[in-house]
$ cat final-v8.cif   # mmCIF, C-alpha atoms
data_model
#
loop_
_atom_site.label_atom_id
_atom_site.label_comp_id
_atom_site.auth_asym_id
_atom_site.auth_seq_id
_atom_site.Cartn_x
_atom_site.Cartn_y
_atom_site.Cartn_z
CA MET E 744 21.00 -11.64 -3.98
CA ALA E 745 19.57 -10.42 -0.66
CA LEU E 746 17.05 -12.63 1.13
CA LEU E 747 14.68 -9.66 1.48
CA ASP E 748 14.75 -6.55 -0.70
CA VAL E 749 12.15 -3.84 -0.04
CA THR E 750 12.06 -0.91 -2.48
CA ASP E 751 9.90 2.23 -2.15
CA LEU E 752 7.25 0.41 -0.12
CA SER E 753 4.18 2.57 0.52
CA VAL E 754 0.97 1.51 2.24
CA THR E 755 -2.22 3.58 2.16
CA LEU E 756 -4.99 2.72 4.62
CA GLN E 757 -8.61 3.76 4.31
CA THR E 758 -9.75 5.69 7.39
CA HIS E 759 -12.90 7.60 8.36
CA ARG E 760 -11.00 10.75 7.38
CA GLY E 761 -9.96 9.41 4.02
CA PRO E 762 -6.78 7.75 2.68
CA ALA E 763 -3.80 7.77 5.04
CA ARG E 764 -0.25 6.83 4.06
CA ALA E 765 0.88 4.63 6.92
CA VAL E 766 4.16 3.68 5.21
CA ARG E 767 5.94 6.08 2.89
CA ASN E 768 8.63 4.99 0.42
CA VAL E 769 10.47 2.64 2.77
CA SER E 770 13.49 0.81 1.33
CA PHE E 771 15.87 -1.68 2.94
CA SER E 772 17.43 -5.07 2.37
CA LEU E 773 18.20 -8.00 4.64
CA GLU E 774 20.73 -10.75 4.06
CA ARG E 775 20.56 -14.29 5.41
CA GLY E 776 21.84 -14.36 8.97
CA GLU E 777 21.60 -10.56 9.29
CA THR E 778 19.75 -8.73 12.06
CA LEU E 779 17.78 -5.54 11.47
CA GLY E 780 15.94 -3.33 13.95
CA LEU E 781 12.99 -0.98 13.40
CA VAL E 782 12.66 1.64 16.12
CA GLY E 783 10.32 4.57 16.70
CA GLU E 784 7.27 5.75 18.62
CA SER E 785 3.94 3.95 18.48
CA GLY E 786 2.15 4.76 15.24
CA CYS E 787 5.29 5.40 13.20
CA GLY E 788 4.68 2.50 10.78
CA LYS E 789 6.85 -0.28 12.20
CA SER E 790 4.13 -2.92 12.56
CA ILE E 791 2.41 -1.98 9.29
CA THR E 792 5.75 -2.50 7.53
CA ALA E 793 6.03 -5.97 9.07
CA LEU E 794 2.43 -6.88 8.23
CA SER E 795 3.10 -5.80 4.64
CA LEU E 796 5.87 -8.38 4.42
CA MET E 797 3.50 -11.04 5.76
CA GLY E 798 0.62 -10.07 3.46
CA LEU E 799 -1.62 -9.43 6.46
CA LEU E 800 -2.84 -5.92 5.69
CA PRO E 801 -6.56 -5.05 5.60
CA GLU E 802 -8.24 -5.82 2.27
CA SER E 803 -8.82 -2.10 1.67
CA ALA E 804 -5.11 -1.27 2.01
CA LYS E 805 -3.26 -0.20 -1.13
CA VAL E 806 0.36 -1.24 -1.50
CA SER E 807 2.88 0.14 -3.96
CA GLY E 808 6.58 -0.48 -4.39
CA SER E 809 8.33 -3.83 -4.28
CA ILE E 810 8.87 -6.58 -1.70
CA ARG E 811 11.17 -9.26 -3.06
CA PHE E 812 11.74 -12.31 -0.87
CA ASP E 813 14.39 -14.71 -2.12
CA GLY E 814 13.79 -13.38 -5.63
CA GLN E 815 9.97 -13.64 -5.46
CA GLU E 816 7.79 -10.52 -5.68
CA LEU E 817 5.36 -10.69 -2.76
CA THR E 818 3.15 -7.68 -3.54
CA THR E 819 1.56 -9.52 -6.47
CA ARG E 820 0.98 -12.81 -4.65
CA THR E 821 -2.54 -13.98 -3.91
CA ASP E 822 -3.55 -14.69 -0.32
CA GLY E 823 -3.41 -18.42 -1.06
CA GLN E 824 0.16 -18.08 -2.31
CA MET E 825 1.11 -16.02 0.74
CA CYS E 826 -0.36 -18.70 3.00
CA ARG E 827 2.27 -21.09 1.66
CA ILE E 828 5.02 -18.62 2.66
CA ARG E 829 3.66 -17.42 6.01
CA GLY E 830 4.59 -19.74 8.84
CA ASP E 831 6.92 -21.66 6.55
CA ARG E 832 9.63 -19.41 5.12
CA ILE E 833 8.65 -16.28 7.07
CA GLY E 834 7.75 -16.59 10.73
CA MET E 835 6.38 -13.84 12.96
CA ILE E 836 6.26 -13.37 16.72
CA PHE E 837 3.33 -11.07 17.38
CA GLN E 838 3.27 -8.32 19.97
CA GLU E 839 0.63 -9.74 22.30
CA PRO E 840 0.73 -13.53 22.81
CA MET E 841 -2.69 -13.70 24.44
CA THR E 842 -4.35 -12.42 21.25
CA ALA E 843 -1.96 -14.30 18.94
CA LEU E 844 -2.90 -17.63 20.53
CA ASN E 845 -6.32 -19.21 20.06
CA PRO E 846 -7.88 -19.64 23.53
CA VAL E 847 -9.98 -22.68 22.54
CA HIS E 848 -7.13 -24.81 21.18
CA SER E 849 -4.32 -26.46 23.13
CA ILE E 850 -0.83 -25.11 22.63
CA GLY E 851 0.25 -28.47 21.21
CA ARG E 852 -2.30 -28.21 18.44
CA GLN E 853 -1.30 -24.61 17.68
CA VAL E 854 2.45 -25.28 17.60
CA GLY E 855 1.92 -28.41 15.51
CA GLU E 856 -0.44 -26.80 12.98
CA PRO E 857 2.26 -25.23 10.74
CA LEU E 858 4.10 -28.55 10.70
CA ARG E 859 1.01 -30.34 9.43
CA LEU E 860 0.15 -27.63 6.89
CA HIS E 861 3.62 -26.95 5.49
CA ARG E 862 5.53 -30.17 6.19
CA GLY E 863 2.75 -32.71 5.76
CA LEU E 864 3.39 -34.33 9.16
CA SER E 865 0.78 -36.59 10.69
CA ARG E 866 -0.95 -35.57 13.90
CA ALA E 867 1.32 -37.84 15.94
CA GLN E 868 4.48 -36.61 14.21
CA ALA E 869 3.47 -32.98 14.66
CA ARG E 870 2.80 -33.61 18.35
CA THR E 871 6.27 -35.10 18.82
CA GLU E 872 7.88 -32.15 17.06
CA ALA E 873 5.78 -29.70 19.08
CA VAL E 874 7.01 -31.21 22.34
CA ALA E 875 10.61 -30.82 21.14
CA LEU E 876 9.99 -27.20 20.12
CA LEU E 877 8.33 -26.31 23.41
CA ASP E 878 11.17 -27.93 25.29
CA ARG E 879 13.69 -25.96 23.20
CA VAL E 880 12.07 -22.62 24.01
CA GLY E 881 12.09 -23.39 27.71
CA ILE E 882 8.56 -24.58 28.56
CA PRO E 883 8.98 -26.74 31.69
CA ASP E 884 7.69 -30.32 31.45
CA ALA E 885 6.60 -29.75 27.84
CA ALA E 886 5.45 -33.34 27.27
CA ARG E 887 2.94 -33.06 30.11
CA ARG E 888 1.76 -29.52 29.38
CA ILE E 889 1.32 -29.85 25.62
CA ASP E 890 -2.44 -30.33 26.01
CA ALA E 891 -2.83 -27.24 28.21
CA TYR E 892 -4.50 -24.04 26.99
CA PRO E 893 -3.01 -20.51 26.68
CA HIS E 894 -4.72 -19.18 29.83
CA GLN E 895 -2.90 -21.84 31.86
CA PHE E 896 0.48 -20.26 31.12
CA SER E 897 2.16 -17.11 32.36
CA GLY E 898 2.79 -14.16 30.03
CA GLY E 899 6.44 -15.12 29.53
CA GLN E 900 5.53 -18.74 28.84
CA ARG E 901 2.85 -17.71 26.32
CA GLN E 902 5.47 -15.65 24.49
CA ARG E 903 7.73 -18.70 24.40
CA VAL E 904 4.86 -20.67 22.86
CA THR E 905 4.46 -18.06 20.10
CA ILE E 906 8.20 -18.27 19.45
CA ALA E 907 7.89 -22.04 19.09
CA MET E 908 5.04 -21.54 16.60
CA ALA E 909 7.06 -19.02 14.58
CA LEU E 910 10.09 -21.32 14.45
CA ALA E 911 8.24 -24.60 13.82
CA CYS E 912 9.12 -24.85 10.13
CA GLY E 913 12.59 -23.29 10.38
CA PRO E 914 11.84 -20.02 8.54
CA ASP E 915 14.47 -18.10 6.61
CA LEU E 916 13.19 -14.82 8.08
CA LEU E 917 11.90 -14.23 11.60
CA ILE E 918 9.95 -11.03 12.34
CA ALA E 919 9.66 -10.19 16.04
CA ASP E 920 7.15 -7.39 16.66
CA GLU E 921 7.68 -6.01 20.18
CA PRO E 922 8.21 -9.56 21.51
CA THR E 923 8.73 -8.46 25.12
CA THR E 924 5.77 -6.08 25.57
CA ALA E 925 4.29 -6.19 29.11
CA LEU E 926 6.95 -8.62 30.37
CA ASP E 927 9.07 -7.82 33.40
CA VAL E 928 12.76 -7.05 32.91
CA THR E 929 13.99 -10.53 33.87
CA ILE E 930 11.62 -12.35 31.52
CA GLN E 931 12.32 -9.77 28.79
CA LYS E 932 16.03 -10.56 28.98
CA GLN E 933 15.36 -14.30 28.80
CA ILE E 934 13.08 -13.95 25.75
CA LEU E 935 15.56 -11.76 23.86
CA GLU E 936 18.44 -14.11 24.66
CA LEU E 937 16.34 -17.06 23.47
CA ILE E 938 15.52 -15.31 20.17
CA SER E 939 19.20 -14.43 19.62
CA GLU E 940 20.28 -18.00 20.34
CA LEU E 941 17.73 -19.50 17.96
CA VAL E 942 18.53 -17.00 15.18
CA ALA E 943 22.25 -17.81 15.44
CA GLU E 944 21.58 -21.54 15.78
CA ARG E 945 19.39 -21.73 12.67
CA GLY E 946 21.07 -19.03 10.54
CA MET E 947 17.86 -17.03 10.14
CA ALA E 948 17.55 -13.37 9.26
CA LEU E 949 15.90 -11.36 12.04
CA MET E 950 13.77 -8.22 11.91
CA LEU E 951 13.25 -6.92 15.44
CA ILE E 952 10.65 -4.20 16.00
CA SER E 953 10.80 -2.18 19.21
CA HIS E 954 10.39 1.25 20.73
CA ASP E 955 13.09 0.34 23.27
CA LEU E 956 16.48 1.72 22.19
CA GLY E 957 18.31 -0.54 24.63
CA VAL E 958 16.73 -3.66 23.13
CA ILE E 959 17.70 -2.52 19.62
CA ALA E 960 21.26 -1.64 20.64
CA GLN E 961 21.91 -5.07 22.12
CA ASN E 962 20.25 -7.29 19.54
CA VAL E 963 20.67 -6.02 15.95
CA THR E 964 23.54 -4.97 13.70
CA ARG E 965 21.55 -2.52 11.53
CA THR E 966 18.83 -0.07 12.53
CA LEU E 967 16.07 1.87 10.81
CA VAL E 968 14.59 4.83 12.71
CA MET E 969 10.99 5.39 11.57
CA TYR E 970 8.71 8.36 12.04
CA GLY E 971 5.41 9.11 10.37
CA GLY E 972 5.68 6.01 8.17
CA ALA E 973 9.08 7.04 6.76
CA VAL E 974 12.66 6.02 7.54
CA VAL E 975 14.40 9.16 8.81
CA GLU E 976 17.75 7.61 9.72
CA SER E 977 19.34 4.23 9.02
CA GLY E 978 22.64 2.43 9.09
CA PRO E 979 24.82 0.15 11.22
CA THR E 980 23.49 0.21 14.77
CA VAL E 981 26.82 1.30 16.23
CA SER E 982 27.03 4.25 13.83
CA VAL E 983 23.39 5.33 14.25
CA PHE E 984 23.63 5.23 18.04
CA ARG E 985 27.04 6.92 18.19
CA ASN E 986 26.50 9.59 15.55
CA ARG E 987 22.76 10.15 15.71
CA MET E 988 22.12 13.08 13.41
CA HIS E 989 18.42 13.32 12.66
CA PRO E 990 16.58 15.57 15.16
CA TYR E 991 14.00 12.84 15.75
CA THR E 992 16.67 10.25 16.58
CA ARG E 993 18.21 12.72 19.01
CA GLY E 994 14.82 13.35 20.55
CA LEU E 995 14.29 9.63 21.17
CA PHE E 996 17.64 9.36 22.94
CA ALA E 997 17.01 12.50 25.00
CA ALA E 998 13.71 11.08 26.25
CA ARG E 999 15.34 7.99 27.74
CA PRO E 1000 15.64 8.03 31.54
CA GLY E 1001 19.14 7.29 32.80
CA LEU E 1002 20.52 5.83 36.01
CA SER E 1003 22.09 9.21 36.76
CA THR E 1004 18.81 11.13 36.31
CA PRO E 1005 18.10 12.92 39.63
CA ARG E 1006 14.96 11.86 41.46
CA GLY E 1007 12.08 14.21 40.75
CA GLN E 1008 13.61 15.65 37.59
CA ARG E 1009 11.19 15.87 34.70
CA LEU E 1010 12.08 13.69 31.74
CA VAL E 1011 12.81 15.37 28.43
CA THR E 1012 10.04 15.00 25.86
CA ILE E 1013 9.73 15.71 22.15
CA ALA E 1014 7.55 18.76 21.68
CA GLY E 1015 4.10 18.23 20.18
CA THR E 1016 2.40 14.96 19.32
CA VAL E 1017 2.64 12.39 16.54
CA PRO E 1018 0.37 13.66 13.75
CA GLU E 1019 -2.57 11.64 12.50
CA LEU E 1020 -1.77 9.56 9.43
CA ALA E 1021 -4.21 11.64 7.41
CA ASP E 1022 -2.45 14.83 8.52
CA LEU E 1023 1.16 13.96 7.71
CA PRO E 1024 3.04 16.84 6.06
CA SER E 1025 3.97 16.49 2.41
CA GLY E 1026 7.61 17.18 3.17
CA CYS E 1027 9.61 15.91 6.15
CA THR E 1028 7.33 13.87 8.41
CA PHE E 1029 8.96 15.43 11.50
CA ALA E 1030 8.39 19.00 10.35
CA GLY E 1031 6.55 21.03 12.97
CA ARG E 1032 7.75 19.02 15.97
CA CYS E 1033 11.38 19.67 15.10
CA GLN E 1034 13.06 22.78 16.54
CA LEU E 1035 14.93 23.26 13.26
CA THR E 1036 11.85 23.41 11.04
CA VAL E 1037 11.98 25.97 8.24
CA PRO E 1038 9.44 26.44 5.41
CA GLU E 1039 11.58 24.35 3.04
CA CYS E 1040 11.12 21.33 5.34
CA ARG E 1041 7.44 21.15 4.38
CA VAL E 1042 7.97 21.27 0.61
CA ALA E 1043 9.25 17.79 -0.28
CA PRO E 1044 10.57 14.67 1.47
CA PRO E 1045 14.28 15.20 2.18
CA ALA E 1046 16.84 13.19 0.27
CA PRO E 1047 19.18 10.85 2.18
CA VAL E 1048 22.49 12.36 3.29
CA GLU E 1049 25.38 10.01 4.06
CA ILE E 1050 26.88 10.49 7.53
CA GLU E 1051 29.25 7.52 7.41
CA PRO E 1052 29.48 4.57 5.02
CA GLY E 1053 26.01 2.95 5.06
CA HIS E 1054 24.66 5.48 7.58
CA VAL E 1055 22.23 8.03 6.16
CA ALA E 1056 19.81 10.60 7.58
CA ARG E 1057 16.97 12.37 5.78
CA CYS E 1058 17.12 16.01 6.89
CA ILE E 1059 17.88 19.25 5.00
CA ARG E 1060 19.08 20.94 8.23
CA LEU E 1061 21.87 18.54 9.17
CA ASP E 1062 24.36 21.38 8.92
CA ALA E 1063 22.54 23.06 11.81
CA VAL E 1064 22.24 19.99 14.06
CA PRO E 1065 25.72 20.12 15.69
CA ALA E 1066 25.37 23.83 16.37
CA GLN E 1067 22.76 23.55 19.14
CA ALA E 1068 21.10 21.26 21.63
CA ILE E 1069 18.28 19.21 20.17
CA ASP E 1070 15.46 18.39 22.58
CA GLY E 1071 17.74 18.86 25.55
CA VAL E 1072 20.70 16.89 24.18
CA ALA E 1073 23.91 18.78 23.57
CA ALA E 1074 25.29 18.06 20.12
#
$ encode --input "final-v8.cif" --output "structure tokens"
Amino acid sequence: MALLDVTDLSVTLQTHRGPARAVRNVSFSLERGETLGLVGESGCGKSITALSLMGLLPESAKVSGSIRFDGQELTTRTDGQMCRIRGDRIGMIFQEPMTALNPVHSIGRQVGEPLRLHRGLSRAQARTEAVALLDRVGIPDAARRIDAYPHQFSGGQRQRVTIAMALACGPDLLIADEPTTALDVTIQKQILELISELVAERGMALMLISHDLGVIAQNVTRTLVMYGGAVVESGPTVSVFRNRMHPYTRGLFAARPGLSTPRGQRLVTIAGTVPELADLPSGCTFAGRCQLTVPECRVAPPAPVEIEPGHVARCIRLDAVPAQAIDGVAA
């Protein structure tokens, strides 16, 4: 039995323009010790998918489908029941540490809180464990700085504090939502290496969310490419990156600047803009922006087509993809 099994997950949000399907029939599974990446542009549904797993969606959101975690159905759990799972068996590193941390509480209190709530530790015991956790994630002189406040730390150090909070109770699943946003390249590398070390050390499953293809390539074994709330391509990371078949996946790769890109040369972009959630087409979510769009693309969501074992793409025009350049990339 998989640790996490998501089947036909759909999330509808209430907006000023009416209902909007932010996540559309997403399915995937995650085994213990496995690493999974979610990649795509901003607004494609990555974070909403993660928040669905945590039970942190707005009250007005409507969820359908199934989320089974270690055999338990999470979509029917009350908020009180989810509180016993969040921070204990499922930990999450949020995108922006300055908003994830409470500015009026010391970091020691915040790191120790899940230990007191879920493990029943006393204040003194939680403080001792918090020092050990902060030391493990690389906070210098943790015993002295445990009573400091978030604003007294650098951006990279605040992210390390949020990692310590997420790992406090030794979760079975760690969700990292853009954990290196706004960090410089050196600190980004350190944070990603730290997460990888801790995941391997504790045997956790990891879901890493990023728009950075390089980060995904180096840190996960399986990848889901999302667009418009739907998974358009998925499979082993090596296969998806080597044999990228969906036009959107190809567009993402074409838009990456390379070391060999001549100075002054305009970067390749994907034509058009990401549609509003309330305006998503009823068929393929990429229809309209894709150079291969035909009327049939707008009729119904495309069925998955297997490229290699475990590697599938959802596109009815795959037979035409190798025949031309897609968004500036030769097939």
$ resolve_selection --input "final-v8.cif" --expression "the PyMOL selection byres ((chain E and resi 893-896) around 7)" --output "ChimeraX atom specification"
/E:844,846,850,891-892,897-898,900-901
$ resolve_selection --input "final-v8.cif" --expression "the PyMOL selection byres ((chain E and resi 952) around 7)" --output "JSON, numbers by chain"
{"E": [780, 781, 782, 789, 919, 920, 921, 950, 951, 953]}
$ residues_around --input "final-v8.cif" --residues "Thr964 (chain E)" --least-positions-apart "4" --cutoff "8 Å" --atoms "only C-alpha atoms" --output "list in words"
Glu777, Thr778, Leu779, Gly780, Pro979, Thr980 and Val981 of chain E
$ closest_residue --input "final-v8.cif" --among "E:Ile918, E:Cys912, E:Cys787, E:Ala1056" --to "Asn986 (chain E)" --atoms "all atoms listed in the file"
E:Ala1056
$ closest_residue --input "final-v8.cif" --among "E:Val754, E:Ile836, E:Val766, E:Val975" --to "Thr818 (chain E)" --atoms "all atoms listed in the file"
E:Val754
